[in-house]
Amino acid sequence: MVVVAVSSPLGWNLPPLLETVGLRRVFDGLTAVGDVDVRLYRGEIRALIGPNGAGKTTLASLITGRILPTSGRIFFNGREITRLQAHERVKLGIVSTFQIPTVFRDLTVFENVVLAAQRVRLRSPQDFFRLREGDLLNLVQEVLDRVGLQGSWHRTAGSLPYGHQRLLEIAMAMALRPRLLILDEPTQGLAPEEITGLMGLIRGIAQETAVLLIEHNLRVVLELSHRVTVMDRGRIIFEGTPSEAELDPTVQQVYLGVGGGWN
Amino acid sequence: MPTPWRSILTLHLGILAALGLLQFVLPPFHLAMITRVLLFTTYAVGYNLLLGYGGLMSLGHAMFFAAGLYGAGLPVYYLGAGPGLAFLSGLMASLLLAALVGALSLRTTGVAFSIVTMMFGQVCYLVTISLNRITLGDQGLVLAGRLAPVRVGNWILPLNAPSVRYNLALLLLATVLLVTLWLVRSPFGRVLVALREHEERTRLLGYDPFPYRWLAMLVSGGISGAAGAAYALLFSYVGSAFAAVLYSILPLLWVLLGGAGTTLGPLIGVAFMTYAVEFASRVTSAYLVVVGLTLVLVAIGLPRGIAGGLRGRWWWLP
């Protein structure tokens, strides 16, 4: 098993790209995320793992702005974004993919990606009427090439196989030129050889953007991530390198004790 | 690779040209019928922008048609305004109304949006009735004799001449059709369609839904109002029947029949239904039953409307 060297020149000497301070979200008295302090740095792939119901997806939703925190604060790139709406955070560069791939099923692959690609080009209201498809072709073609969907541009997204819908969603995310990309269980439902391809893709993406990877597949976590954050019952119980995580007794206990086990 | 602009433009310009040539072969009765079809198609194109592309089903669109109708008709009747000025006044009235109603009703979507627009529509209808002393309510105002001809350079075009009516209606439709065609293919239109398909996903691509929908409402209301203004000027009649709920339901039927979310659907829907009513009413006085049955059959056979069914074959149809 190849473990990516952690000594790569990451942005850990710079201030964090994303920082949460005492972030908490309570649903009907149930604390889904409780007092989470997490810092993500430029250039890193951070794995976020933990048993089902640990609050990983809730934490991701708090960062993207799909839900608002009960208390606590979020800073991105030095700016407070705690109350910022989801679409405004996308403009700042916080982009995510969904646990269940969510694409515009009745639109073509091309239209799906153009929707994302035009977002970064639309700076003033006039651009909505001035911008032409031709201006976007390069970007669209580039991201479709990178995920390997260049041959499917005219198909409707809903007609693609499951794994390809995931790739399309990642292509859309890439076209948004993110600074932080949150991937929520990207390997779920994929065949082993598809997973290998996806890992290469994520490694490539991480050259340009920080990646927060919510993942169950241990092989993927160990091979891809620079650091691992482990959550359990809404709290962070461990943070360190993948090999440290493997050896840590609390992590082992949470995984083995709660019956999930590394899978 | 992507949008085959050439085929799309050829198709639309071809159809507009065919409509232009049609006037030389049509007998007078059908010329007047088609003039009406052209105006109502303009109205339906406006409605379709909101329903077909925006995914928002308004049940009060008659208020925009009527805003155009009264906005154009009242200045002519009371102030002796010329046709150009009257048309602009009708357009402005409908744009203002759409801006206001849009800002309020777009806090909702789905069924709630339909209900809110229906209520606004009814309010506007009741206003046209209750301002009886100005509008003469149901009886309406006849503009004939008060309307100056349109002057273009040395040409004088009397608005009561059938061919002038036909060509002005066609000109309006052509403008509206090409503008919408461009709009729905623009980045703006793409976002509008995305919001129709999946609002949450669109939001997480960085788009705030409200401004897109509001602008769609504005353009849709403006086009509907332009159709209303042209109707008042070309048929020289203004009455509250056009603000009633029937005229909110008709565009919905035309668009669903022709194919929501297709640029040519409205034309097909209006033409089909106008002639269905015409033929049915010759045969029986219960012609609405015939029309209703036709609609039910089309809805079963072609759930995406006539143009929508064709698009299944030619994917690039806009």
# chains A, B, ... in the order shown; residues from 1 in each chain; ligands from 1
call {"tool": "residues_around", "arguments": {"residues": "stretch 78-80 of chain B", "least_positions_apart": "3", "cutoff": "9 Å", "atoms": "only C-alpha atoms", "output": "short mmCIF file (atom, residue, chain, number, x, y, z; two decimals) with C-alpha atoms, in the first residue's frame"}}
result
data_model
loop_
_atom_site.label_atom_id
_atom_site.label_comp_id
_atom_site.auth_asym_id
_atom_site.auth_seq_id
_atom_site.Cartn_x
_atom_site.Cartn_y
_atom_site.Cartn_z
CA GLY B 73 -56.48 51.37 -24.55
CA LEU B 74 -57.22 53.94 -21.83
CA PRO B 75 -54.75 56.59 -23.10
CA ARG B 146 -60.28 57.32 -31.97
CA LEU B 147 -57.13 55.67 -33.21
CA ALA B 148 -54.80 57.50 -35.58
#
call {"tool": "residues_around", "arguments": {"residues": "A:Arg25", "least_positions_apart": "3", "cutoff": "6 Å", "atoms": "only C-alpha atoms", "output": "count of residues only"}}
result
4
call {"tool": "interface_residues", "arguments": {"of": "chain B", "to": "chain A", "cutoff": "10 Å", "atoms": "only C-alpha atoms", "output": "ChimeraX atom specification"}}
result
/B:1-3,182-183,185-191,193-209,315
call {"tool": "atom_distance", "arguments": {"atom1": "atom CA of B:Arg133", "atom2": "atom CA of B:Leu39"}}
result
28.1 Å
call {"tool": "select_by_dssp", "arguments": {"residues": "stretch 125-155 of chain B", "states": "strand (DSSP E or B)", "output": "MDAnalysis selection string"}}
result
chainID B and resid 141:142 150:152 155
call {"tool": "write_last_selection", "arguments": {"atoms": "N, CA and C atoms", "output": "PDB file, in the first residue's frame"}}
result
ATOM      1  N   LEU B 141     -64.578  49.271 -23.719  1.00  0.00           N
ATOM      2  CA  LEU B 141     -64.452  50.489 -24.511  1.00  0.00           C
ATOM      3  C   LEU B 141     -64.119  50.119 -25.939  1.00  0.00           C
ATOM      4  N   VAL B 142     -64.739  50.799 -26.890  1.00  0.00           N
ATOM      5  CA  VAL B 142     -64.405  50.582 -28.293  1.00  0.00           C
ATOM      6  C   VAL B 142     -63.536  51.740 -28.762  1.00  0.00           C
ATOM      7  N   VAL B 150     -50.933  54.350 -38.064  1.00  0.00           N
ATOM      8  CA  VAL B 150     -49.487  54.338 -37.825  1.00  0.00           C
ATOM      9  C   VAL B 150     -48.808  54.959 -39.034  1.00  0.00           C
ATOM     10  N   ARG B 151     -47.864  55.846 -38.775  1.00  0.00           N
ATOM     11  CA  ARG B 151     -47.107  56.435 -39.887  1.00  0.00           C
ATOM     12  C   ARG B 151     -45.666  55.930 -39.835  1.00  0.00           C
ATOM     13  N   VAL B 152     -45.251  55.359 -40.953  1.00  0.00           N
ATOM     14  CA  VAL B 152     -43.835  54.990 -41.080  1.00  0.00           C
ATOM     15  C   VAL B 152     -43.316  55.750 -42.295  1.00  0.00           C
ATOM     16  N   TRP B 155     -45.472  56.263 -45.435  1.00  0.00           N
ATOM     17  CA  TRP B 155     -46.564  55.291 -45.438  1.00  0.00           C
ATOM     18  C   TRP B 155     -47.545  55.602 -44.330  1.00  0.00           C
TER      19      TRP B 155
END
call {"tool": "residues_around", "arguments": {"residues": "B:Val37", "least_positions_apart": "6", "cutoff": "12 Å", "atoms": "only C-alpha atoms", "output": "list in words"}}
result
Leu19, His30, Leu31, Tyr43, Ala44, Val45, Arg165, Tyr166, Ala169, Leu170, Leu173, Ala227, Tyr231, Pro251, Trp254, Pro266, Leu267, Ile268, Gly269, Val270, Ala271, Phe272, Met273, Thr274, Tyr275 and Glu278 of chain B
call {"tool": "write_last_selection", "arguments": {"atoms": "C-alpha atoms", "output": "CSV table (one decimal), in the first residue's frame"}}
result
chain,number,residue,atom,x,y,z
B,19,LEU,CA,-46.5,33.0,-41.9
B,30,HIS,CA,-58.9,33.1,-42.1
B,31,LEU,CA,-56.6,36.2,-42.3
B,43,TYR,CA,-49.2,36.0,-25.3
B,44,ALA,CA,-48.5,32.2,-25.0
B,45,VAL,CA,-44.8,32.8,-25.7
B,165,ARG,CA,-53.3,44.1,-38.6
B,166,TYR,CA,-51.8,40.8,-39.8
B,169,ALA,CA,-49.1,41.1,-35.3
B,170,LEU,CA,-46.6,39.0,-37.2
B,173,LEU,CA,-44.6,37.8,-32.7
B,227,ALA,CA,-49.7,41.1,-26.7
B,231,TYR,CA,-54.8,43.3,-29.1
B,251,PRO,CA,-52.3,30.3,-22.1
B,254,TRP,CA,-52.1,26.5,-25.3
B,266,PRO,CA,-47.0,28.1,-28.2
B,267,LEU,CA,-47.7,28.7,-31.9
B,268,ILE,CA,-48.7,25.1,-32.4
B,269,GLY,CA,-50.9,25.1,-29.3
B,270,VAL,CA,-52.7,28.4,-30.2
B,271,ALA,CA,-53.3,27.5,-33.8
B,272,PHE,CA,-54.5,24.0,-33.0
B,273,MET,CA,-56.9,25.2,-30.3
B,274,THR,CA,-58.2,28.2,-32.1
B,275,TYR,CA,-59.2,26.1,-35.1
B,278,GLU,CA,-63.8,27.2,-34.7
call {"tool": "select_by_dssp", "arguments": {"residues": "stretch 5-120 of chain B", "states": "helix (DSSP H, G or I)", "output": "PyMOL selection string"}}
result
chain B and resi 5-22+28-53+62-79+83-105+110-120
call {"tool": "write_last_selection", "arguments": {"atoms": "C-alpha atoms", "output": "mmCIF file, in the first residue's frame"}}
result
data_model
loop_
_atom_site.group_PDB
_atom_site.id
_atom_site.type_symbol
_atom_site.label_atom_id
_atom_site.label_comp_id
_atom_site.auth_asym_id
_atom_site.auth_seq_id
_atom_site.Cartn_x
_atom_site.Cartn_y
_atom_site.Cartn_z
ATOM 1 C CA TRP B 5 -27.608 27.582 -34.098
ATOM 2 C CA ARG B 6 -27.859 27.365 -37.837
ATOM 3 C CA SER B 7 -30.618 24.743 -37.877
ATOM 4 C CA ILE B 8 -32.479 26.469 -35.071
ATOM 5 C CA LEU B 9 -32.422 29.881 -36.747
ATOM 6 C CA THR B 10 -33.313 28.423 -40.140
ATOM 7 C CA LEU B 11 -36.302 26.651 -38.656
ATOM 8 C CA HIS B 12 -37.632 29.724 -36.875
ATOM 9 C CA LEU B 13 -37.004 32.170 -39.691
ATOM 10 C CA GLY B 14 -38.537 29.660 -42.096
ATOM 11 C CA ILE B 15 -41.713 29.444 -40.063
ATOM 12 C CA LEU B 16 -41.930 33.227 -39.737
ATOM 13 C CA ALA B 17 -41.407 33.588 -43.486
ATOM 14 C CA ALA B 18 -44.118 31.003 -44.158
ATOM 15 C CA LEU B 19 -46.476 32.978 -41.936
ATOM 16 C CA GLY B 20 -45.532 36.087 -43.903
ATOM 17 C CA LEU B 21 -46.393 34.415 -47.197
ATOM 18 C CA LEU B 22 -49.579 32.890 -45.847
ATOM 19 C CA PRO B 28 -60.244 37.261 -45.454
ATOM 20 C CA PHE B 29 -61.946 35.195 -42.766
ATOM 21 C CA HIS B 30 -58.850 33.135 -42.092
ATOM 22 C CA LEU B 31 -56.621 36.179 -42.310
ATOM 23 C CA ALA B 32 -58.464 37.625 -39.321
ATOM 24 C CA MET B 33 -58.357 34.259 -37.554
ATOM 25 C CA ILE B 34 -54.615 33.933 -38.023
ATOM 26 C CA THR B 35 -54.092 37.531 -36.880
ATOM 27 C CA ARG B 36 -55.754 36.544 -33.641
ATOM 28 C CA VAL B 37 -53.648 33.375 -33.516
ATOM 29 C CA LEU B 38 -50.488 35.452 -33.906
ATOM 30 C CA LEU B 39 -51.425 37.771 -31.042
ATOM 31 C CA PHE B 40 -52.418 34.961 -28.726
ATOM 32 C CA THR B 41 -49.247 33.113 -29.675
ATOM 33 C CA THR B 42 -47.297 36.161 -28.529
ATOM 34 C CA TYR B 43 -49.171 35.953 -25.250
ATOM 35 C CA ALA B 44 -48.465 32.214 -25.026
ATOM 36 C CA VAL B 45 -44.763 32.755 -25.744
ATOM 37 C CA GLY B 46 -44.650 35.075 -22.743
ATOM 38 C CA TYR B 47 -46.474 32.551 -20.597
ATOM 39 C CA ASN B 48 -44.243 29.730 -21.787
ATOM 40 C CA LEU B 49 -41.108 31.542 -20.661
ATOM 41 C CA LEU B 50 -42.322 31.309 -17.087
ATOM 42 C CA LEU B 51 -44.019 27.906 -17.208
ATOM 43 C CA GLY B 52 -41.930 26.018 -19.736
ATOM 44 C CA TYR B 53 -38.505 27.364 -18.889
ATOM 45 C CA ALA B 62 -54.502 37.555 -17.568
ATOM 46 C CA MET B 63 -53.521 40.453 -15.303
ATOM 47 C CA PHE B 64 -50.460 41.139 -17.464
ATOM 48 C CA PHE B 65 -52.405 40.766 -20.708
ATOM 49 C CA ALA B 66 -55.031 43.095 -19.279
ATOM 50 C CA ALA B 67 -52.421 45.559 -17.996
ATOM 51 C CA GLY B 68 -51.170 45.842 -21.576
ATOM 52 C CA LEU B 69 -54.718 46.026 -22.901
ATOM 53 C CA TYR B 70 -55.843 48.812 -20.563
ATOM 54 C CA GLY B 71 -52.442 50.458 -20.466
ATOM 55 C CA ALA B 72 -52.719 50.959 -24.215
ATOM 56 C CA GLY B 73 -56.481 51.370 -24.548
ATOM 57 C CA LEU B 74 -57.216 53.936 -21.830
ATOM 58 C CA PRO B 75 -54.746 56.593 -23.100
ATOM 59 C CA VAL B 76 -56.223 56.204 -26.582
ATOM 60 C CA TYR B 77 -59.806 56.456 -25.373
ATOM 61 C CA TYR B 78 -59.390 59.315 -22.906
ATOM 62 C CA LEU B 79 -56.291 61.178 -24.044
ATOM 63 C CA PRO B 83 -50.713 53.990 -31.401
ATOM 64 C CA GLY B 84 -46.952 54.033 -30.746
ATOM 65 C CA LEU B 85 -47.275 55.861 -27.454
ATOM 66 C CA ALA B 86 -50.259 53.726 -26.440
ATOM 67 C CA PHE B 87 -48.323 50.532 -27.116
ATOM 68 C CA LEU B 88 -45.412 51.729 -24.985
ATOM 69 C CA SER B 89 -47.776 52.723 -22.220
ATOM 70 C CA GLY B 90 -49.338 49.249 -22.250
ATOM 71 C CA LEU B 91 -45.924 47.625 -22.180
ATOM 72 C CA MET B 92 -44.805 49.786 -19.267
ATOM 73 C CA ALA B 93 -47.980 49.059 -17.307
ATOM 74 C CA SER B 94 -47.470 45.314 -17.609
ATOM 75 C CA LEU B 95 -43.767 45.542 -16.763
ATOM 76 C CA LEU B 96 -44.510 47.514 -13.618
ATOM 77 C CA LEU B 97 -47.195 45.071 -12.572
ATOM 78 C CA ALA B 98 -44.913 42.094 -13.261
ATOM 79 C CA ALA B 99 -42.080 43.661 -11.266
ATOM 80 C CA LEU B 100 -44.375 44.147 -8.295
ATOM 81 C CA VAL B 101 -46.266 40.856 -8.465
ATOM 82 C CA GLY B 102 -42.999 39.001 -9.106
ATOM 83 C CA ALA B 103 -41.307 40.520 -6.080
ATOM 84 C CA LEU B 104 -44.185 39.394 -3.868
ATOM 85 C CA SER B 105 -45.235 36.062 -5.358
ATOM 86 C CA GLY B 110 -44.915 25.354 -6.832
ATOM 87 C CA VAL B 111 -48.588 25.247 -5.951
ATOM 88 C CA ALA B 112 -48.306 28.218 -3.599
ATOM 89 C CA PHE B 113 -47.001 30.330 -6.478
ATOM 90 C CA SER B 114 -49.987 29.317 -8.623
ATOM 91 C CA ILE B 115 -52.404 30.280 -5.888
ATOM 92 C CA VAL B 116 -50.741 33.601 -5.107
ATOM 93 C CA THR B 117 -50.690 34.619 -8.771
ATOM 94 C CA MET B 118 -54.308 33.544 -9.145
ATOM 95 C CA MET B 119 -55.240 35.829 -6.268
ATOM 96 C CA PHE B 120 -53.353 38.756 -7.760
#
call {"tool": "atom_distance", "arguments": {"atom1": "atom CA of A:Leu180", "atom2": "atom CA of A:Gln207"}}
result
11.5 Å
call {"tool": "atom_distance", "arguments": {"atom1": "atom CA of B:Leu56", "atom2": "atom CA of B:Leu246"}}
result
18.4 Å
call {"tool": "residues_around", "arguments": {"residues": "B:Gln139", "least_positions_apart": "5", "cutoff": "12 Å", "atoms": "only C-alpha atoms", "output": "PDB file with N, CA and C atoms, in the first residue's frame"}}
result
ATOM      1  N   THR B 128     -60.690  46.037 -12.626  1.00  0.00           N
ATOM      2  CA  THR B 128     -61.231  46.487 -13.913  1.00  0.00           C
ATOM      3  C   THR B 128     -62.755  46.581 -13.856  1.00  0.00           C
ATOM      4  N   ILE B 129     -63.378  45.724 -13.048  1.00  0.00           N
ATOM      5  CA  ILE B 129     -64.840  45.771 -12.919  1.00  0.00           C
ATOM      6  C   ILE B 129     -65.267  46.956 -12.064  1.00  0.00           C
ATOM      7  N   ASN B 132     -65.662  50.799 -12.895  1.00  0.00           N
ATOM      8  CA  ASN B 132     -66.663  50.798 -13.947  1.00  0.00           C
ATOM      9  C   ASN B 132     -66.761  52.128 -14.696  1.00  0.00           C
ATOM     10  N   ARG B 133     -66.658  53.234 -13.931  1.00  0.00           N
ATOM     11  CA  ARG B 133     -66.857  54.548 -14.550  1.00  0.00           C
ATOM     12  C   ARG B 133     -65.765  54.866 -15.562  1.00  0.00           C
ATOM     13  N   ILE B 134     -64.600  54.270 -15.374  1.00  0.00           N
ATOM     14  CA  ILE B 134     -63.508  54.504 -16.327  1.00  0.00           C
ATOM     15  C   ILE B 134     -63.468  53.415 -17.399  1.00  0.00           C
ATOM     16  N   TYR B 237     -60.600  47.119 -29.138  1.00  0.00           N
ATOM     17  CA  TYR B 237     -61.550  46.856 -28.066  1.00  0.00           C
ATOM     18  C   TYR B 237     -60.800  46.563 -26.771  1.00  0.00           C
ATOM     19  N   VAL B 238     -61.324  47.099 -25.664  1.00  0.00           N
ATOM     20  CA  VAL B 238     -60.736  46.907 -24.345  1.00  0.00           C
ATOM     21  C   VAL B 238     -61.868  46.526 -23.402  1.00  0.00           C
ATOM     22  N   GLY B 239     -61.800  45.336 -22.780  1.00  0.00           N
ATOM     23  CA  GLY B 239     -62.879  44.940 -21.888  1.00  0.00           C
ATOM     24  C   GLY B 239     -62.373  44.046 -20.776  1.00  0.00           C
ATOM     25  N   SER B 240     -63.124  43.985 -19.684  1.00  0.00           N
ATOM     26  CA  SER B 240     -62.626  43.258 -18.523  1.00  0.00           C
ATOM     27  C   SER B 240     -62.668  41.745 -18.722  1.00  0.00           C
ATOM     28  N   ALA B 241     -63.343  41.260 -19.770  1.00  0.00           N
ATOM     29  CA  ALA B 241     -63.344  39.813 -20.036  1.00  0.00           C
ATOM     30  C   ALA B 241     -61.915  39.299 -20.191  1.00  0.00           C
ATOM     31  N   PHE B 242     -61.045  40.157 -20.716  1.00  0.00           N
ATOM     32  CA  PHE B 242     -59.658  39.723 -20.937  1.00  0.00           C
ATOM     33  C   PHE B 242     -58.860  39.645 -19.645  1.00  0.00           C
TER      34      PHE B 242
END
call {"tool": "closest_residue", "arguments": {"among": "B:Val291, B:Ala260, B:Ala243, B:Leu218", "to": "B:Phe279", "atoms": "only C-alpha atoms"}}
result
B:Val291
call {"tool": "closest_residue", "arguments": {"among": "B:Gly308, B:Pro27, B:Gly258, B:Gly54", "to": "B:Arg213", "atoms": "only C-alpha atoms"}}
result
B:Gly54
